[in-house]
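To be precise, the following lines are target_36.cif, and they hold mmCIF, C-alpha atoms.
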```cif
data_protein
loop_
_atom_site.label_atom_id
_atom_site.label_comp_id
_atom_site.auth_asym_id
_atom_site.auth_seq_id
_atom_site.Cartn_x
_atom_site.Cartn_y
_atom_site.Cartn_z
CA MET A 1 5.23 -31.72 19.71
CA LYS A 2 3.32 -28.85 18.11
CA LYS A 3 6.50 -27.58 16.46
CA ILE A 4 7.21 -31.02 14.99
CA THR A 5 3.65 -31.23 13.63
CA HIS A 6 4.02 -27.79 12.04
CA LEU A 7 7.35 -28.80 10.50
CA LEU A 8 5.91 -32.02 9.04
CA SER A 9 2.96 -30.09 7.59
CA PHE A 10 5.38 -27.58 6.08
CA CYS A 11 7.37 -30.38 4.43
CA LEU A 12 4.21 -31.75 2.83
CA VAL A 13 3.24 -28.29 1.58
CA TYR A 14 6.72 -27.72 0.15
CA ILE A 15 6.75 -31.08 -1.67
CA PHE A 16 3.41 -30.13 -3.22
CA TYR A 17 4.72 -26.66 -4.11
CA PHE A 18 8.09 -27.73 -5.55
CA PRO A 19 6.96 -28.71 -9.10
CA PHE A 20 5.58 -25.19 -9.56
CA LYS A 21 9.06 -23.82 -8.81
CA ILE A 22 10.70 -25.65 -11.69
CA LEU A 23 8.15 -26.50 -14.40
CA PRO A 24 7.49 -24.11 -17.33
CA TYR A 25 4.53 -21.76 -16.92
CA ARG A 26 2.16 -23.45 -19.39
CA THR A 27 3.05 -26.88 -17.97
CA CYS A 28 2.18 -25.60 -14.50
CA LEU A 29 -1.28 -24.61 -15.75
CA SER A 30 -1.87 -28.10 -17.18
CA TYR A 31 -0.54 -29.69 -14.00
CA GLY A 32 -2.90 -27.58 -11.88
CA VAL A 33 -5.89 -28.64 -13.98
CA LEU A 34 -4.80 -32.29 -13.72
CA LEU A 35 -4.66 -32.04 -9.93
CA THR A 36 -8.18 -30.59 -9.67
CA LYS A 37 -9.49 -33.28 -12.05
CA LEU A 38 -8.10 -35.88 -9.67
CA ILE A 39 -9.60 -34.09 -6.68
CA PHE A 40 -13.03 -33.50 -8.27
CA PRO A 41 -14.57 -36.97 -7.58
CA LEU A 42 -13.38 -36.80 -3.95
CA ALA A 43 -14.52 -33.24 -3.26
CA LYS A 44 -18.19 -34.02 -2.67
CA LYS A 45 -18.56 -31.51 0.15
CA HIS A 46 -17.07 -28.63 -1.82
CA ARG A 47 -18.97 -29.55 -4.99
CA LYS A 48 -22.16 -29.38 -2.94
CA ILE A 49 -21.20 -25.98 -1.47
CA ALA A 50 -20.42 -24.65 -4.95
CA ALA A 51 -23.72 -25.94 -6.38
CA GLU A 52 -25.75 -24.42 -3.53
CA ASN A 53 -24.07 -21.03 -3.94
CA ILE A 54 -24.57 -21.06 -7.71
CA LYS A 55 -28.27 -21.91 -7.34
CA PHE A 56 -28.81 -18.87 -5.12
CA ALA A 57 -26.81 -16.62 -7.42
CA PHE A 58 -28.43 -17.85 -10.65
CA PRO A 59 -31.90 -19.20 -9.81
CA GLU A 60 -32.77 -19.31 -13.51
CA LYS A 61 -30.22 -22.07 -14.19
CA SER A 62 -31.39 -25.68 -14.46
CA GLU A 63 -29.81 -28.43 -12.38
CA GLU A 64 -27.86 -29.57 -15.45
CA GLU A 65 -26.54 -26.04 -16.05
CA VAL A 66 -25.53 -25.73 -12.41
CA GLN A 67 -23.53 -28.97 -12.54
CA ILE A 68 -21.83 -27.91 -15.78
CA LEU A 69 -20.81 -24.66 -14.11
CA VAL A 70 -19.48 -26.56 -11.07
CA LYS A 71 -17.24 -28.63 -13.39
CA LYS A 72 -16.01 -25.51 -15.18
CA HIS A 73 -15.33 -23.94 -11.81
CA PHE A 74 -13.16 -26.83 -10.67
CA ARG A 75 -11.17 -26.59 -13.89
CA HIS A 76 -10.64 -22.92 -13.13
CA LEU A 77 -9.48 -23.87 -9.63
CA GLY A 78 -6.64 -25.74 -11.37
CA HIS A 79 -5.55 -22.50 -13.02
CA LEU A 80 -5.94 -20.63 -9.73
CA LEU A 81 -3.77 -23.20 -7.96
CA ALA A 82 -1.12 -23.03 -10.67
CA HIS A 83 -1.08 -19.24 -10.76
CA THR A 84 -0.88 -19.04 -6.97
CA LEU A 85 2.15 -21.32 -6.73
CA TRP A 86 3.84 -20.17 -9.94
CA ALA A 87 3.26 -16.41 -9.47
CA PRO A 88 6.45 -15.68 -7.45
CA ARG A 89 8.40 -16.44 -10.66
CA MET A 90 6.66 -13.61 -12.50
CA THR A 91 8.89 -11.15 -14.41
CA LYS A 92 8.35 -8.03 -16.50
CA LYS A 93 9.06 -10.16 -19.58
CA TRP A 94 6.24 -12.54 -18.61
CA LEU A 95 3.89 -9.60 -18.03
CA ASN A 96 4.63 -8.24 -21.51
CA LYS A 97 3.81 -11.63 -23.05
CA TYR A 98 0.78 -12.78 -21.06
CA LEU A 99 -0.91 -9.78 -19.45
CA VAL A 100 -3.90 -8.39 -21.36
CA VAL A 101 -5.17 -4.96 -20.26
CA ASP A 102 -7.88 -3.13 -22.23
CA GLU A 103 -7.45 0.52 -23.21
CA GLU A 104 -9.95 1.87 -20.66
CA SER A 105 -8.25 0.02 -17.81
CA LEU A 106 -4.85 1.33 -18.94
CA ARG A 107 -6.26 4.86 -19.10
CA ILE A 108 -7.57 4.57 -15.52
CA GLU A 109 -4.21 3.28 -14.29
CA GLU A 110 -2.19 5.99 -16.01
CA GLU A 111 -4.53 8.76 -14.88
CA THR A 112 -4.33 7.54 -11.29
CA LYS A 113 -0.53 7.32 -11.38
CA LYS A 114 -0.38 10.93 -12.63
CA GLN A 115 -2.58 12.01 -9.72
CA GLY A 116 0.06 10.63 -7.34
CA VAL A 117 -2.49 9.53 -4.76
CA GLY A 118 -2.72 6.46 -2.62
CA VAL A 119 -5.01 3.75 -3.96
CA VAL A 120 -7.33 1.38 -2.15
CA LEU A 121 -7.16 -1.44 -4.66
CA ILE A 122 -10.19 -3.65 -4.14
CA SER A 123 -10.49 -7.17 -5.52
CA GLY A 124 -12.56 -10.22 -4.75
CA HIS A 125 -12.22 -13.98 -4.88
CA LEU A 126 -12.72 -13.88 -8.62
CA GLY A 127 -10.25 -15.02 -11.24
CA THR A 128 -6.65 -15.51 -10.21
CA TRP A 129 -6.01 -13.00 -7.47
CA GLU A 130 -2.51 -14.15 -6.46
CA VAL A 131 -1.27 -12.90 -9.85
CA LEU A 132 -2.56 -9.48 -8.79
CA VAL A 133 -0.37 -9.62 -5.67
CA GLN A 134 2.75 -10.13 -7.77
CA PHE A 135 2.15 -7.64 -10.56
CA LEU A 136 1.12 -5.04 -8.00
CA GLY A 137 4.68 -5.27 -6.70
CA ILE A 138 6.18 -5.04 -10.20
CA ARG A 139 3.98 -2.37 -11.78
CA MET A 140 3.05 -0.12 -8.85
CA LYS A 141 4.28 1.03 -5.46
CA GLY A 142 2.35 -1.86 -4.00
CA GLY A 143 1.22 -3.02 -0.60
CA GLY A 144 -1.05 -5.80 0.59
CA ILE A 145 -2.75 -7.00 3.74
CA TYR A 146 -2.31 -10.56 4.90
CA LYS A 147 -3.63 -12.74 7.70
CA LYS A 148 -1.05 -14.80 9.52
CA ILE A 149 -1.29 -18.59 9.28
CA ARG A 150 -1.05 -20.60 12.50
CA ASN A 151 1.75 -22.77 11.16
CA PRO A 152 4.77 -20.42 11.36
CA PHE A 153 6.74 -22.35 8.72
CA VAL A 154 3.93 -22.22 6.16
CA ASP A 155 3.31 -18.58 7.09
CA TRP A 156 6.98 -17.82 6.35
CA LEU A 157 6.78 -19.58 2.97
CA LEU A 158 3.62 -17.77 1.86
CA ARG A 159 4.93 -14.36 2.93
CA LYS A 160 8.18 -15.07 1.08
CA MET A 161 6.26 -16.09 -2.06
CA ARG A 162 3.89 -13.12 -1.97
CA SER A 163 6.61 -10.53 -1.37
CA LYS A 164 8.92 -11.91 -4.07
CA ASN A 165 8.27 -9.03 -6.47
CA GLY A 166 8.50 -6.16 -4.04
CA ILE A 167 5.04 -5.82 -2.55
CA VAL A 168 5.04 -4.63 1.08
CA LEU A 169 2.93 -6.95 3.22
CA VAL A 170 1.14 -5.71 6.33
CA PRO A 171 -0.49 -7.97 8.96
CA VAL A 172 -4.23 -7.43 9.17
CA GLU A 173 -3.85 -6.31 12.79
CA GLU A 174 -1.67 -3.31 11.85
CA SER A 175 -4.23 -1.03 10.20
CA THR A 176 -2.37 2.13 11.24
CA GLN A 177 0.51 1.11 8.98
CA VAL A 178 -1.91 0.83 6.05
CA ILE A 179 -3.11 4.39 6.68
CA LYS A 180 0.50 5.63 6.55
CA MET A 181 1.18 3.73 3.32
CA LEU A 182 -1.91 5.11 1.58
CA LYS A 183 -0.94 8.65 2.58
CA GLN A 184 2.53 7.96 1.11
CA GLY A 185 1.04 7.01 -2.27
CA TYR A 186 1.05 3.22 -2.04
CA TRP A 187 -1.45 1.08 -3.93
CA VAL A 188 -2.72 -1.24 -1.19
CA GLY A 189 -4.66 -4.35 -2.18
CA PHE A 190 -7.76 -5.51 -0.29
CA GLY A 191 -9.25 -8.95 -0.96
CA SER A 192 -12.45 -8.02 0.76
CA ASP A 193 -15.26 -10.41 -0.17
CA GLN A 194 -14.88 -12.81 2.72
CA ASN A 195 -17.58 -13.53 5.26
CA ALA A 196 -17.11 -10.77 7.87
CA GLY A 197 -19.26 -12.39 10.55
CA SER A 198 -20.31 -10.02 13.31
CA ALA A 199 -17.61 -7.52 12.29
CA GLY A 200 -19.28 -6.62 8.99
CA ILE A 201 -22.38 -4.96 7.63
CA PHE A 202 -24.97 -6.74 5.52
CA VAL A 203 -25.12 -5.77 1.85
CA PRO A 204 -26.89 -7.50 -1.05
CA PHE A 205 -24.65 -9.77 -3.10
CA LEU A 206 -25.87 -12.28 -5.70
CA ASN A 207 -29.43 -12.52 -4.34
CA ARG A 208 -28.49 -12.84 -0.67
CA GLN A 209 -27.40 -10.60 2.17
CA ALA A 210 -23.67 -10.96 2.78
CA SER A 211 -21.79 -9.83 5.87
CA THR A 212 -19.10 -7.58 4.39
CA PHE A 213 -16.00 -5.82 5.72
CA VAL A 214 -16.04 -2.02 5.56
CA GLY A 215 -12.23 -1.84 5.68
CA PRO A 216 -11.65 -0.65 2.08
CA ALA A 217 -14.24 2.12 2.34
CA LEU A 218 -12.97 3.09 5.80
CA MET A 219 -9.36 3.38 4.59
CA ALA A 220 -10.44 5.55 1.65
CA TYR A 221 -12.54 7.65 4.05
CA LEU A 222 -9.65 8.19 6.47
CA THR A 223 -6.87 8.84 3.95
CA GLY A 224 -8.47 10.41 0.88
CA ALA A 225 -7.15 7.54 -1.24
CA LYS A 226 -8.75 6.68 -4.57
CA MET A 227 -10.70 3.42 -4.89
CA LEU A 228 -10.07 1.17 -7.88
CA TYR A 229 -11.68 -2.22 -8.43
CA TYR A 230 -9.54 -4.88 -10.17
CA SER A 231 -10.55 -8.15 -11.79
CA VAL A 232 -7.63 -10.41 -12.75
CA LEU A 233 -8.93 -13.30 -14.81
CA SER A 234 -7.65 -16.47 -16.45
CA GLY A 235 -7.79 -16.19 -20.22
CA GLU A 236 -7.08 -18.48 -23.16
CA ASP A 237 -3.57 -19.79 -23.89
CA GLY A 238 -2.26 -18.81 -20.48
CA LYS A 239 -3.19 -15.14 -20.84
CA VAL A 240 -4.20 -13.14 -17.78
CA ILE A 241 -6.89 -10.48 -18.32
CA VAL A 242 -6.95 -7.33 -16.19
CA ARG A 243 -10.09 -5.21 -15.89
CA VAL A 244 -10.08 -1.97 -13.87
CA LYS A 245 -13.09 0.01 -12.63
CA ASP A 246 -12.72 3.53 -11.23
CA LEU A 247 -14.78 3.86 -8.03
CA GLY A 248 -13.50 7.37 -7.37
CA PHE A 249 -12.83 9.19 -4.10
CA VAL A 250 -15.04 9.17 -1.02
CA ASP A 251 -17.40 12.14 -1.10
CA LYS A 252 -18.15 12.83 2.55
CA LYS A 253 -20.42 15.79 1.77
CA LYS A 254 -23.02 13.61 0.04
CA PHE A 255 -23.90 11.71 3.21
CA PRO A 256 -25.00 12.95 6.64
CA THR A 257 -23.11 10.31 8.66
CA LYS A 258 -19.90 8.33 8.47
CA GLU A 259 -21.90 5.09 8.64
CA GLU A 260 -23.86 6.04 5.53
CA VAL A 261 -20.64 6.86 3.68
CA LEU A 262 -19.14 3.47 4.53
CA ARG A 263 -22.32 1.64 3.55
CA HIS A 264 -22.59 3.43 0.19
CA TYR A 265 -19.02 2.68 -0.90
CA THR A 266 -19.11 -0.88 0.45
CA GLU A 267 -22.27 -1.49 -1.58
CA LEU A 268 -20.61 0.17 -4.58
CA TRP A 269 -17.60 -2.14 -4.75
CA THR A 270 -19.74 -5.19 -3.89
CA HIS A 271 -22.12 -4.34 -6.75
CA THR A 272 -19.11 -3.94 -9.06
CA LEU A 273 -17.82 -7.38 -8.06
CA GLU A 274 -21.27 -8.85 -8.63
CA GLY A 275 -21.30 -7.52 -12.19
CA GLU A 276 -17.91 -9.12 -12.86
CA VAL A 277 -19.04 -12.46 -11.40
CA LYS A 278 -22.01 -12.48 -13.76
CA LEU A 279 -19.66 -11.99 -16.71
CA PHE A 280 -17.21 -14.70 -15.60
CA PRO A 281 -19.26 -17.03 -13.37
CA GLU A 282 -16.95 -20.05 -13.56
CA GLN A 283 -14.11 -17.97 -12.07
CA TYR A 284 -15.77 -16.96 -8.81
CA PHE A 285 -14.66 -18.89 -5.72
CA TRP A 286 -17.94 -20.72 -5.21
CA VAL A 287 -16.49 -23.23 -2.75
CA HIS A 288 -16.09 -20.70 0.05
CA ARG A 289 -18.80 -19.92 2.61
CA ARG A 290 -19.31 -16.31 1.58
CA TRP A 291 -22.88 -16.16 2.91
CA ARG A 292 -22.37 -18.19 6.09
CA THR A 293 -23.43 -15.32 8.37
CA GLN A 294 -26.99 -14.20 7.81
CA PRO A 295 -29.10 -11.46 9.44
CA LYS A 296 -30.99 -12.57 12.51
CA VAL A 297 -34.65 -13.16 11.82
CA GLU A 298 -36.88 -11.31 14.26
CA VAL A 299 -39.80 -13.34 15.61
#
```

Now, as a test, write the supplied structure out as structure tokens.
Amino acid sequence: MKKITHLLSFCLVYIFYFPFKILPYRTCLSYGVLLTKLIFPLAKKHRKIAAENIKFAFPEKSEEEVQILVKKHFRHLGHLLAHTLWAPRMTKKWLNKYLVVDEESLRIEEETKKQGVGVVLISGHLGTWEVLVQFLGIRMKGGGIYKKIRNPFVDWLLRKMRSKNGIVLVPVEESTQVIKMLKQGYWVGFGSDQNAGSAGIFVPFLNRQASTFVGPALMAYLTGAKMLYYSVLSGEDGKVIVRVKDLGFVDKKKFPTKEEVLRHYTELWTHTLEGEVKLFPEQYFWVHRRWRTQPKVEV
């Protein structure tokens, strides 16, 4: 019975996905925005979550400004949806036409490639991160970490989509494989700004403490890999903007303990993400429960 349920769910997902397999790129963007416009009146719960998160992050904003930002955010979700489902069709020709990378970001990339080191590529739920998965496979010796989905049919589809352009995907449970890849010079992507629950450490993020995974900092600590932060953002006319920040190598000598090293570099990339969110607030994923876990209050 469970297998039949999974198969039916997969069929629904595939029907929803199919238009993005055949429609032109710019049409897919418009279609994605149309879908989120239709969903917006029905998504009361997620609109409320987004508004609450925005109020904490930007306490200076009026209620009217918050609601305007929520609407802009849902429009962005249309682009995110379209990019996620269209991205497996990405080609080098498309990258040459639509990808916009500033000179400083290009310099950081080229310098890092010349160094020949592994890269802990850190990104957050900002912009259109599934595009990053695909161009990482095209432009670099790329790897990524993924969490298996309970529905095996949907899991198969998503892994197939994400690995379309050559990225090597590693289940989150197989951290030893990631260590090997980084030592072999892979650029391994970490989408790290999820609520880490009891497994994380608390760091300040947008005016609240956020339970945060130390995985990226730990991998850099163990392998000597370089840390780069990437923002991949939706731009005008279908363009995709890439911004790269060089977070450097872990300097173990600066800190007396391993725990202090991991905290410093976790706070560093989180602070970098925070700065990007403030520049492009409508493109952060406000509808997720990033701050669900909070420090226990001592009484």

Of the listed residues A:Asn165, A:Arg290, A:Val242, A:Tyr265, that which approaches Phe56 in chain A most closely, counting only C-alpha atoms = A:Arg290

Please provide as a list of chain:residue names all residues within 9 Å of Tyr284 in chain A, with the sequence filter that same-chain residues fewer than 2 positions apart are discarded (counting all atoms listed in the file).
-> A:His73, A:His76, A:Gly124, A:His125, A:Leu126, A:Gly127, A:Val277, A:Phe280, A:Pro281, A:Glu282, A:Trp286, A:Val287

Expanded to explicit residues, what is the PyMOL selection byres ((chain A and resi 149) around 12) for this file, as a ChimeraX atom specification?
-> /A:6,10,146-148,150-159,171-172

Mind checking which residues fall within 9 Å of range 180-186 of chain A, counting all atoms listed in the file, ignoring those fewer than 5 positions away in the same chain, and posting them as number ranges by chain?
-> A: 116-120, 140-143, 175, 219-220, 223-225

Target residues per the PyMOL selection byres ((chain A and resi 169) around 6), formatted as a ChimeraX atom specification | /A:143-145,168,170

Let's have the selection written as a PDB file, keeping the file's coordinate frame, with C-alpha atoms.
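Saved as part-v6.pdb:
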```pdb
ATOM      1  CA  GLY A 143       1.220  -3.020  -0.600  1.00  0.00           C
ATOM      2  CA  GLY A 144      -1.050  -5.800   0.590  1.00  0.00           C
ATOM      3  CA  ILE A 145      -2.750  -7.000   3.740  1.00  0.00           C
ATOM      4  CA  VAL A 168       5.040  -4.630   1.080  1.00  0.00           C
ATOM      5  CA  VAL A 170       1.140  -5.710   6.330  1.00  0.00           C
TER       6      VAL A 170
END
```

Translate the PyMOL selection byres ((chain A and resi 247) around 6), as applied to the file shown, into an explicit residue set as a list in words.
-> Met227, Leu228, Asp246 and Gly248 of chain A

Just C-alpha atoms for this one: save the residues we selected as a PDB file, keeping the file's coordinate frame.
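Output contents, as saved in out.pdb:
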```
ATOM      1  CA  MET A 227     -10.700   3.420  -4.890  1.00  0.00           C
ATOM      2  CA  LEU A 228     -10.070   1.170  -7.880  1.00  0.00           C
ATOM      3  CA  ASP A 246     -12.720   3.530 -11.230  1.00  0.00           C
ATOM      4  CA  GLY A 248     -13.500   7.370  -7.370  1.00  0.00           C
TER       5      GLY A 248
END
```

Neighbourhood query: residues within 7 Å of (1.9, -12.4, -15.3), file coordinates, counting only C-alpha atoms; return as a VMD selection string.
-> chain A and resid 90 94 to 95 98 to 99 131 135 240

Requested write-out: C-alpha atoms of the selected residues, as a PDB file, keeping the file's coordinate frame:
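Saved result, part01.pdb, follows:
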```pdb
ATOM      1  CA  MET A  90       6.660 -13.610 -12.500  1.00  0.00           C
ATOM      2  CA  TRP A  94       6.240 -12.540 -18.610  1.00  0.00           C
ATOM      3  CA  LEU A  95       3.890  -9.600 -18.030  1.00  0.00           C
ATOM      4  CA  TYR A  98       0.780 -12.780 -21.060  1.00  0.00           C
ATOM      5  CA  LEU A  99      -0.910  -9.780 -19.450  1.00  0.00           C
ATOM      6  CA  VAL A 131      -1.270 -12.900  -9.850  1.00  0.00           C
ATOM      7  CA  PHE A 135       2.150  -7.640 -10.560  1.00  0.00           C
ATOM      8  CA  VAL A 240      -4.200 -13.140 -17.780  1.00  0.00           C
TER       9      VAL A 240
END
```

Interatomic distance (Å, one decimal) between CA of Lys253 in chain A and CA of Leu273 in chain A = 25.3 Å

Just give me the gap between CA of Ala210 in chain A and CA of Gln194 in chain A in Å, one decimal is fine.
-> 9.0 Å

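If you measure from each of A:Arg243, A:His271, A:Arg263, A:Arg89 to Ile22 in chain A using only C-alpha atoms, the closest one turns out to be A:Arg89.
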
Assuming 3 Å of padding per side, give the centre and edge lengths of the axis-aligned box around every listed atom of range 65-70 of chain A, in Å to one decimal and as lines of an AutoDock Vina configuration file.
```
center_x = -23.0
center_y = -26.8
center_z = -13.6
size_x = 13.1
size_y = 10.3
size_z = 11.0
```

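Compared by their closest atoms to Ile179 in chain A, and using only C-alpha atoms, the residues A:Ala82, A:Leu222, A:Val297, A:Val261 rank with A:Leu222 nearest.
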
Which residues of range 55-128 of chain A have any atom within 8 Å of an atom in range 31-39 of chain A when counting all atoms listed in the file, and what is the closest pair of atoms for each, with the distance in Å to one decimal? Order the rows by chain and rising number and write it as a tab-separated table.
```
residue	atom	partner	partner_atom	distance
A:Phe74	CA	A:Thr36	CA	6.3
A:Arg75	CA	A:Val33	CA	5.7
A:His76	CA	A:Val33	CA	7.5
A:Leu77	CA	A:Thr36	CA	6.8
A:Gly78	CA	A:Val33	CA	4.0
A:His79	CA	A:Gly32	CA	5.8
A:Leu80	CA	A:Gly32	CA	7.9
A:Leu81	CA	A:Gly32	CA	5.9
A:Ala82	CA	A:Gly32	CA	5.0
```

re CA of Glu236 in chain A and CA of Trp86 in chain A: distance 17.2 Å

Measuring atom to atom with all atoms listed in the file, identify which of A:Lys226, A:Lys296, A:His83, A:Lys254 is nearest to Gln115 in chain A.
-> A:Lys226

Is there a way to complete range 166-182 of chain A with N, CA, C and O atoms and then write that out as a short mmCIF file (atom, residue, chain, number, x, y, z; two decimals), in the frame of the given file?
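Output (selection-v5.cif):
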```
data_model
loop_
_atom_site.label_atom_id
_atom_site.label_comp_id
_atom_site.auth_asym_id
_atom_site.auth_seq_id
_atom_site.Cartn_x
_atom_site.Cartn_y
_atom_site.Cartn_z
N GLY A 166 8.37 -7.49 -4.60
CA GLY A 166 8.50 -6.16 -4.04
C GLY A 166 7.30 -5.59 -3.31
O GLY A 166 7.37 -4.48 -2.79
N ILE A 167 6.20 -6.33 -3.26
CA ILE A 167 5.04 -5.82 -2.55
C ILE A 167 5.33 -5.80 -1.04
O ILE A 167 6.00 -6.69 -0.52
N VAL A 168 4.87 -4.75 -0.36
CA VAL A 168 5.04 -4.63 1.08
C VAL A 168 3.82 -5.23 1.77
O VAL A 168 2.70 -4.77 1.57
N LEU A 169 4.03 -6.27 2.56
CA LEU A 169 2.93 -6.95 3.22
C LEU A 169 2.74 -6.45 4.65
O LEU A 169 3.71 -6.27 5.39
N VAL A 170 1.48 -6.23 5.01
CA VAL A 170 1.14 -5.71 6.33
C VAL A 170 0.17 -6.68 7.01
O VAL A 170 -0.86 -7.03 6.43
N PRO A 171 0.47 -7.11 8.24
CA PRO A 171 -0.49 -7.97 8.96
C PRO A 171 -1.82 -7.26 9.15
O PRO A 171 -1.86 -6.04 9.33
N VAL A 172 -2.89 -8.01 9.10
CA VAL A 172 -4.23 -7.43 9.17
C VAL A 172 -4.45 -6.65 10.47
O VAL A 172 -5.26 -5.72 10.53
N GLU A 173 -3.69 -6.99 11.50
CA GLU A 173 -3.85 -6.31 12.79
C GLU A 173 -3.25 -4.90 12.80
O GLU A 173 -3.57 -4.10 13.67
N GLU A 174 -2.39 -4.58 11.83
CA GLU A 174 -1.67 -3.31 11.85
C GLU A 174 -2.27 -2.30 10.87
O GLU A 174 -1.63 -1.84 9.93
N SER A 175 -3.53 -1.93 11.11
CA SER A 175 -4.23 -1.03 10.20
C SER A 175 -3.63 0.36 10.15
O SER A 175 -3.72 1.06 9.13
N THR A 176 -2.98 0.78 11.23
CA THR A 176 -2.37 2.13 11.24
C THR A 176 -1.25 2.22 10.21
O THR A 176 -1.03 3.28 9.62
N GLN A 177 -0.56 1.12 9.98
CA GLN A 177 0.51 1.11 8.98
C GLN A 177 -0.08 1.28 7.57
O GLN A 177 0.52 1.93 6.71
N VAL A 178 -1.25 0.69 7.34
CA VAL A 178 -1.91 0.83 6.05
C VAL A 178 -2.28 2.29 5.79
O VAL A 178 -2.12 2.81 4.68
N ILE A 179 -2.76 2.97 6.81
CA ILE A 179 -3.11 4.39 6.68
C ILE A 179 -1.88 5.20 6.26
O ILE A 179 -1.94 6.03 5.35
N LYS A 180 -0.74 4.94 6.90
CA LYS A 180 0.50 5.63 6.55
C LYS A 180 0.89 5.36 5.10
O LYS A 180 1.31 6.27 4.37
N MET A 181 0.79 4.10 4.68
CA MET A 181 1.18 3.73 3.32
C MET A 181 0.31 4.42 2.28
O MET A 181 0.80 4.93 1.26
N LEU A 182 -1.01 4.46 2.53
CA LEU A 182 -1.91 5.11 1.58
C LEU A 182 -1.60 6.61 1.48
O LEU A 182 -1.61 7.19 0.39
#
```
